[in-house]
Structures are given as C-alpha cells and as structure tokens.
Amino acid sequence: MRTDNIILIGFMGTGKTTVGRLLTEKLGWTFVDTDQLIIEKTGMEIAHIFAEKGERWFRDQETEVVKQVLEGSKQVVSTGGGSVLRKQNRETMINNGMVVALKADAQTIIARVSMNDERPLLQGDHKQKVLELLEQRKAAYDFAHYQLDTAALGPHKLCEEIVRLWKTFRSS
Ligand code: S3P
C-alpha cells in the first residue's frame, strides 16, 4: 500500500461527512471532502454545477479530484455518493487506502436527506428519488474493503469500529 488513507463511500445521507470529521480528530489526520474540493476548484456550488454544466461535467471534476487527493496520505476522504459509479475512481480508491462503505436503510436515508434540499439529484419527490437511486446503485458500494451499517451505530461507535478496522487493515 502506497498511501495511508481511509476513504468513506456510500449513498447520500449515510453520514460520510459526520463520521469522517470525527475520525479525522481521532487519528490526527487531514479531512478531505471531495464535494468541497470541487466547489473550491470550480468556484461553483454543486447544485449550480449540475444546473449549468450538467452531471457529466461534474463527474469529470470529481474524477480529477479523487485522483489528485489520493496521491496524498494520512487523510480521511469523504466522497460524493456517485463517485463510485466510475470504474477509474473505484480503482483509484481501492489502490490508495482502506475503503469503507457506510450503509443505511432507505427510511433512514430519506429522513436524513430531507433535512437538506440542496442535492441536485434529489430535487422533487425526495422519497421517490432516493428509492430509484438506491435501486440503481444497489451494488455500487460493494467493492469496499468493509461495510458498516450507520443506522445501527452512532457516529462515535462507528469511528471506534473504523479505527479498529484500520489497525487490522494496515497490518495485513
Ligand atoms: C451525489 C452525491 C452528493 C454530490 C452530488 C451527487 C450522488 O454527495 O456529490 O450531489 O450522485 O450521489 P453526498 O453523497 O455527499 O451527498
């Protein structure tokens, strides 16, 4: 393994950012959020990018950011929920750190994403959109080294579990 990174993947609303920030504090590493980097790189909000440039252009930015970030080390990387759709990104992730998929059931995701209506792919009927995308992406996160259910464990317990997994992963 070239780089020490923990990469959090998962559907929107699975807690990647919350867990990622806590984990960063615990490990004393750097926190990186790929959506945030895209906003900084382009000078545009995510919803604005989708509206003005389209999803494909957003995905191109995302691929560049994933590649660039994972050249670094000692980072907790919170990724956008659709970043795993490109094979190139999945390969970059799996080759440059420990990939942890955060999971939650549809009900939990719907409740969480309903608190924020800025996500471009969920405009309109949140519930319907989440169910459709979950169905389309049902196997998309399975390439991860580990899967964790976030509906069952709070953020602190999840962090402890991820640190434990990291110790095993690093020594394997
Ligand atoms: C997306 C998830 C979002 C963001 C964009 C597209 C997706 O990130 O990258 O709105 O396709 O699932 P979060 O998973 O952090 O919400």
# chains A, B, ... in the order shown; residues from 1 in each chain; ligands from 1
$ residues_around --residues "Ser73 (chain A)" --least-positions-apart "2" --cutoff "10 Å" --atoms "only C-alpha atoms" --output "ChimeraX atom specification"
/A:2-6,29-30,69-71,75-76,96-97
$ residues_near_ligand --ligand "ligand 1" --cutoff "9 Å" --atoms "only C-alpha atoms and all ligand atoms" --output "PDB file with N, CA, C and O atoms, in the first residue's frame"
ATOM      1  N   ILE A   9     -17.110   5.815   1.500  1.00  0.00           N
ATOM      2  CA  ILE A   9     -18.039   5.867   0.371  1.00  0.00           C
ATOM      3  C   ILE A   9     -19.434   5.528   0.896  1.00  0.00           C
ATOM      4  O   ILE A   9     -19.578   4.991   1.987  1.00  0.00           O
ATOM      5  N   GLY A  10     -20.427   5.838   0.088  1.00  0.00           N
ATOM      6  CA  GLY A  10     -21.794   5.487   0.494  1.00  0.00           C
ATOM      7  C   GLY A  10     -22.786   6.435  -0.118  1.00  0.00           C
ATOM      8  O   GLY A  10     -22.431   7.522  -0.587  1.00  0.00           O
ATOM      9  N   PHE A  11     -24.021   6.026  -0.083  1.00  0.00           N
ATOM     10  CA  PHE A  11     -25.111   6.810  -0.641  1.00  0.00           C
ATOM     11  C   PHE A  11     -25.221   8.149   0.109  1.00  0.00           C
ATOM     12  O   PHE A  11     -24.732   8.274   1.233  1.00  0.00           O
ATOM     13  N   MET A  12     -25.869   9.122  -0.531  1.00  0.00           N
ATOM     14  CA  MET A  12     -26.134  10.404   0.154  1.00  0.00           C
ATOM     15  C   MET A  12     -26.840  10.116   1.489  1.00  0.00           C
ATOM     16  O   MET A  12     -27.691   9.233   1.562  1.00  0.00           O
ATOM     17  N   GLY A  13     -26.463  10.854   2.519  1.00  0.00           N
ATOM     18  CA  GLY A  13     -27.159  10.702   3.800  1.00  0.00           C
ATOM     19  C   GLY A  13     -26.720   9.507   4.636  1.00  0.00           C
ATOM     20  O   GLY A  13     -27.397   9.152   5.595  1.00  0.00           O
ATOM     21  N   THR A  14     -25.604   8.915   4.304  1.00  0.00           N
ATOM     22  CA  THR A  14     -25.141   7.793   5.139  1.00  0.00           C
ATOM     23  C   THR A  14     -24.154   8.260   6.214  1.00  0.00           C
ATOM     24  O   THR A  14     -23.627   7.444   6.968  1.00  0.00           O
ATOM     25  N   GLY A  15     -23.881   9.556   6.270  1.00  0.00           N
ATOM     26  CA  GLY A  15     -23.069  10.094   7.366  1.00  0.00           C
ATOM     27  C   GLY A  15     -21.578  10.171   7.096  1.00  0.00           C
ATOM     28  O   GLY A  15     -20.774  10.278   8.016  1.00  0.00           O
ATOM     29  N   LYS A  16     -21.187  10.180   5.813  1.00  0.00           N
ATOM     30  CA  LYS A  16     -19.753  10.194   5.466  1.00  0.00           C
ATOM     31  C   LYS A  16     -19.040  11.413   6.057  1.00  0.00           C
ATOM     32  O   LYS A  16     -17.939  11.301   6.593  1.00  0.00           O
ATOM     33  N   THR A  17     -19.674  12.564   5.963  1.00  0.00           N
ATOM     34  CA  THR A  17     -19.023  13.790   6.435  1.00  0.00           C
ATOM     35  C   THR A  17     -18.950  13.808   7.962  1.00  0.00           C
ATOM     36  O   THR A  17     -17.884  14.086   8.538  1.00  0.00           O
ATOM     37  N   ASP A  33     -13.091  16.486   1.825  1.00  0.00           N
ATOM     38  CA  ASP A  33     -14.428  16.193   1.316  1.00  0.00           C
ATOM     39  C   ASP A  33     -14.387  16.487  -0.185  1.00  0.00           C
ATOM     40  O   ASP A  33     -14.126  17.620  -0.590  1.00  0.00           O
ATOM     41  N   THR A  34     -14.605  15.474  -1.007  1.00  0.00           N
ATOM     42  CA  THR A  34     -14.403  15.687  -2.456  1.00  0.00           C
ATOM     43  C   THR A  34     -15.382  16.729  -3.019  1.00  0.00           C
ATOM     44  O   THR A  34     -15.015  17.510  -3.878  1.00  0.00           O
ATOM     45  N   ASP A  35     -16.618  16.751  -2.513  1.00  0.00           N
ATOM     46  CA  ASP A  35     -17.573  17.782  -2.987  1.00  0.00           C
ATOM     47  C   ASP A  35     -17.035  19.181  -2.691  1.00  0.00           C
ATOM     48  O   ASP A  35     -17.131  20.091  -3.509  1.00  0.00           O
ATOM     49  N   ILE A  46     -22.391  22.811  -5.834  1.00  0.00           N
ATOM     50  CA  ILE A  46     -22.701  21.555  -6.547  1.00  0.00           C
ATOM     51  C   ILE A  46     -24.001  21.679  -7.363  1.00  0.00           C
ATOM     52  O   ILE A  46     -24.040  21.304  -8.545  1.00  0.00           O
ATOM     53  N   ALA A  47     -25.037  22.213  -6.752  1.00  0.00           N
ATOM     54  CA  ALA A  47     -26.330  22.314  -7.456  1.00  0.00           C
ATOM     55  C   ALA A  47     -26.186  23.192  -8.698  1.00  0.00           C
ATOM     56  O   ALA A  47     -26.771  22.913  -9.757  1.00  0.00           O
ATOM     57  N   PHE A  50     -24.440  21.225 -11.528  1.00  0.00           N
ATOM     58  CA  PHE A  50     -25.377  20.318 -12.216  1.00  0.00           C
ATOM     59  C   PHE A  50     -26.288  21.111 -13.156  1.00  0.00           C
ATOM     60  O   PHE A  50     -26.542  20.692 -14.289  1.00  0.00           O
ATOM     61  N   GLU A  55     -24.399  16.828 -15.344  1.00  0.00           N
ATOM     62  CA  GLU A  55     -23.817  15.813 -14.454  1.00  0.00           C
ATOM     63  C   GLU A  55     -22.483  15.297 -14.975  1.00  0.00           C
ATOM     64  O   GLU A  55     -21.555  15.052 -14.214  1.00  0.00           O
ATOM     65  N   PHE A  58     -19.709  17.479 -14.024  1.00  0.00           N
ATOM     66  CA  PHE A  58     -19.470  17.319 -12.585  1.00  0.00           C
ATOM     67  C   PHE A  58     -18.657  16.051 -12.323  1.00  0.00           C
ATOM     68  O   PHE A  58     -17.690  16.060 -11.558  1.00  0.00           O
ATOM     69  N   ARG A  59     -19.036  14.947 -12.997  1.00  0.00           N
ATOM     70  CA  ARG A  59     -18.338  13.667 -12.783  1.00  0.00           C
ATOM     71  C   ARG A  59     -16.874  13.757 -13.241  1.00  0.00           C
ATOM     72  O   ARG A  59     -15.995  13.121 -12.653  1.00  0.00           O
ATOM     73  N   GLU A  62     -15.075  15.457 -10.534  1.00  0.00           N
ATOM     74  CA  GLU A  62     -14.988  14.539  -9.404  1.00  0.00           C
ATOM     75  C   GLU A  62     -13.847  13.535  -9.608  1.00  0.00           C
ATOM     76  O   GLU A  62     -13.078  13.252  -8.687  1.00  0.00           O
ATOM     77  N   SER A  78     -13.935  11.898   2.524  1.00  0.00           N
ATOM     78  CA  SER A  78     -15.381  11.703   2.383  1.00  0.00           C
ATOM     79  C   SER A  78     -15.723  11.971   0.916  1.00  0.00           C
ATOM     80  O   SER A  78     -15.406  13.032   0.383  1.00  0.00           O
ATOM     81  N   THR A  79     -16.323  10.991   0.270  1.00  0.00           N
ATOM     82  CA  THR A  79     -16.556  11.101  -1.176  1.00  0.00           C
ATOM     83  C   THR A  79     -18.031  11.353  -1.479  1.00  0.00           C
ATOM     84  O   THR A  79     -18.912  10.986  -0.692  1.00  0.00           O
ATOM     85  N   GLY A  80     -18.317  11.933  -2.633  1.00  0.00           N
ATOM     86  CA  GLY A  80     -19.703  12.114  -3.068  1.00  0.00           C
ATOM     87  C   GLY A  80     -20.318  10.740  -3.352  1.00  0.00           C
ATOM     88  O   GLY A  80     -19.623   9.815  -3.800  1.00  0.00           O
ATOM     89  N   GLY A  81     -21.614  10.621  -3.108  1.00  0.00           N
ATOM     90  CA  GLY A  81     -22.287   9.321  -3.226  1.00  0.00           C
ATOM     91  C   GLY A  81     -22.205   8.670  -4.594  1.00  0.00           C
ATOM     92  O   GLY A  81     -22.294   7.450  -4.717  1.00  0.00           O
ATOM     93  N   GLY A  82     -21.991   9.495  -5.655  1.00  0.00           N
ATOM     94  CA  GLY A  82     -21.949   8.924  -7.001  1.00  0.00           C
ATOM     95  C   GLY A  82     -20.533   8.721  -7.525  1.00  0.00           C
ATOM     96  O   GLY A  82     -20.337   8.271  -8.662  1.00  0.00           O
ATOM     97  N   SER A  83     -19.535   9.030  -6.702  1.00  0.00           N
ATOM     98  CA  SER A  83     -18.142   8.942  -7.173  1.00  0.00           C
ATOM     99  C   SER A  83     -17.751   7.503  -7.528  1.00  0.00           C
ATOM    100  O   SER A  83     -16.860   7.283  -8.339  1.00  0.00           O
ATOM    101  N   VAL A  84     -18.440   6.544  -6.936  1.00  0.00           N
ATOM    102  CA  VAL A  84     -18.107   5.128  -7.164  1.00  0.00           C
ATOM    103  C   VAL A  84     -18.647   4.604  -8.497  1.00  0.00           C
ATOM    104  O   VAL A  84     -18.378   3.469  -8.876  1.00  0.00           O
ATOM    105  N   LEU A  85     -19.410   5.432  -9.198  1.00  0.00           N
ATOM    106  CA  LEU A  85     -20.027   4.954 -10.437  1.00  0.00           C
ATOM    107  C   LEU A  85     -18.995   4.754 -11.543  1.00  0.00           C
ATOM    108  O   LEU A  85     -19.211   3.962 -12.450  1.00  0.00           O
ATOM    109  N   VAL A 113     -31.776  12.901   4.396  1.00  0.00           N
ATOM    110  CA  VAL A 113     -31.613  13.830   3.260  1.00  0.00           C
ATOM    111  C   VAL A 113     -32.732  14.869   3.205  1.00  0.00           C
ATOM    112  O   VAL A 113     -32.575  15.917   2.592  1.00  0.00           O
ATOM    113  N   GLU A 118     -30.622  20.667  -0.889  1.00  0.00           N
ATOM    114  CA  GLU A 118     -29.724  21.229  -1.909  1.00  0.00           C
ATOM    115  C   GLU A 118     -29.199  20.193  -2.899  1.00  0.00           C
ATOM    116  O   GLU A 118     -28.563  20.547  -3.881  1.00  0.00           O
ATOM    117  N   ARG A 119     -29.440  18.918  -2.635  1.00  0.00           N
ATOM    118  CA  ARG A 119     -28.837  17.899  -3.502  1.00  0.00           C
ATOM    119  C   ARG A 119     -29.548  17.841  -4.860  1.00  0.00           C
ATOM    120  O   ARG A 119     -30.742  17.533  -4.934  1.00  0.00           O
ATOM    121  N   PRO A 120     -28.801  18.099  -5.926  1.00  0.00           N
ATOM    122  CA  PRO A 120     -29.444  18.213  -7.248  1.00  0.00           C
ATOM    123  C   PRO A 120     -30.143  16.939  -7.708  1.00  0.00           C
ATOM    124  O   PRO A 120     -31.149  17.019  -8.409  1.00  0.00           O
ATOM    125  N   LEU A 121     -29.627  15.778  -7.310  1.00  0.00           N
ATOM    126  CA  LEU A 121     -30.240  14.539  -7.797  1.00  0.00           C
ATOM    127  C   LEU A 121     -31.506  14.179  -7.033  1.00  0.00           C
ATOM    128  O   LEU A 121     -32.202  13.237  -7.389  1.00  0.00           O
ATOM    129  N   LEU A 122     -31.798  14.949  -5.975  1.00  0.00           N
ATOM    130  CA  LEU A 122     -32.984  14.614  -5.174  1.00  0.00           C
ATOM    131  C   LEU A 122     -34.053  15.691  -5.256  1.00  0.00           C
ATOM    132  O   LEU A 122     -34.942  15.763  -4.408  1.00  0.00           O
ATOM    133  N   LEU A 133     -32.739   5.798  -6.953  1.00  0.00           N
ATOM    134  CA  LEU A 133     -31.270   5.777  -6.996  1.00  0.00           C
ATOM    135  C   LEU A 133     -30.691   4.614  -6.193  1.00  0.00           C
ATOM    136  O   LEU A 133     -29.705   3.999  -6.594  1.00  0.00           O
TER     137      LEU A 133
END
$ select_by_dssp --residues "region 54-170 of chain A" --states "helix (DSSP H, G or I)" --output "ChimeraX atom specification"
/A:55-69,83-85,87-95,106-113,120-122,126-136,155-170
$ atom_distance --atom1 "CA of Gln147 (chain A)" --atom2 "CA of Ala101 (chain A)"
4.7 Å
$ residues_around --residues "Thr168 (chain A)" --least-positions-apart "6" --cutoff "12 Å" --atoms "only C-alpha atoms" --output "VMD selection string"
chain A and resid 98 145 to 146 161 to 162
$ write_last_selection --atoms "N, CA and C atoms" --output "tab-separated table (two decimals), in the first residue's frame"
chain	number	residue	atom	x	y	z
A	98	MET	N	-7.87	2.36	2.65
A	98	MET	CA	-8.90	1.43	3.10
A	98	MET	C	-10.25	2.05	2.76
A	145	HIS	N	-13.58	-2.39	1.02
A	145	HIS	CA	-12.94	-3.41	1.86
A	145	HIS	C	-13.88	-3.83	2.99
A	146	TYR	N	-14.64	-2.84	3.53
A	146	TYR	CA	-15.55	-3.11	4.65
A	146	TYR	C	-16.86	-2.36	4.46
A	161	GLU	N	-15.08	1.67	15.53
A	161	GLU	CA	-15.05	0.47	14.68
A	161	GLU	C	-14.10	0.68	13.49
A	162	ILE	N	-14.13	1.86	12.90
A	162	ILE	CA	-13.27	2.12	11.73
A	162	ILE	C	-11.79	2.13	12.15
$ closest_residue --among "A:Arg112, A:Lys53, A:Lys138, A:Lys157" --to "His126 (chain A)" --atoms "only C-alpha atoms"
A:Arg112
$ residues_around --residues "Leu148 (chain A)" --least-positions-apart "2" --cutoff "8 Å" --atoms "only C-alpha atoms" --output "PDB file with C-alpha atoms, in the first residue's frame"
ATOM      1  CA  VAL A 100     -15.252   1.765   3.997  1.00  0.00           C
ATOM      2  CA  ALA A 101     -18.834   1.760   2.735  1.00  0.00           C
ATOM      3  CA  LEU A 102     -21.329   3.395   5.063  1.00  0.00           C
ATOM      4  CA  LYS A 103     -24.775   1.887   4.671  1.00  0.00           C
ATOM      5  CA  TYR A 146     -15.546  -3.106   4.647  1.00  0.00           C
ATOM      6  CA  THR A 150     -24.805   3.515  10.167  1.00  0.00           C
ATOM      7  CA  LEU A 158     -18.664   3.921  14.048  1.00  0.00           C
TER       8      LEU A 158
END
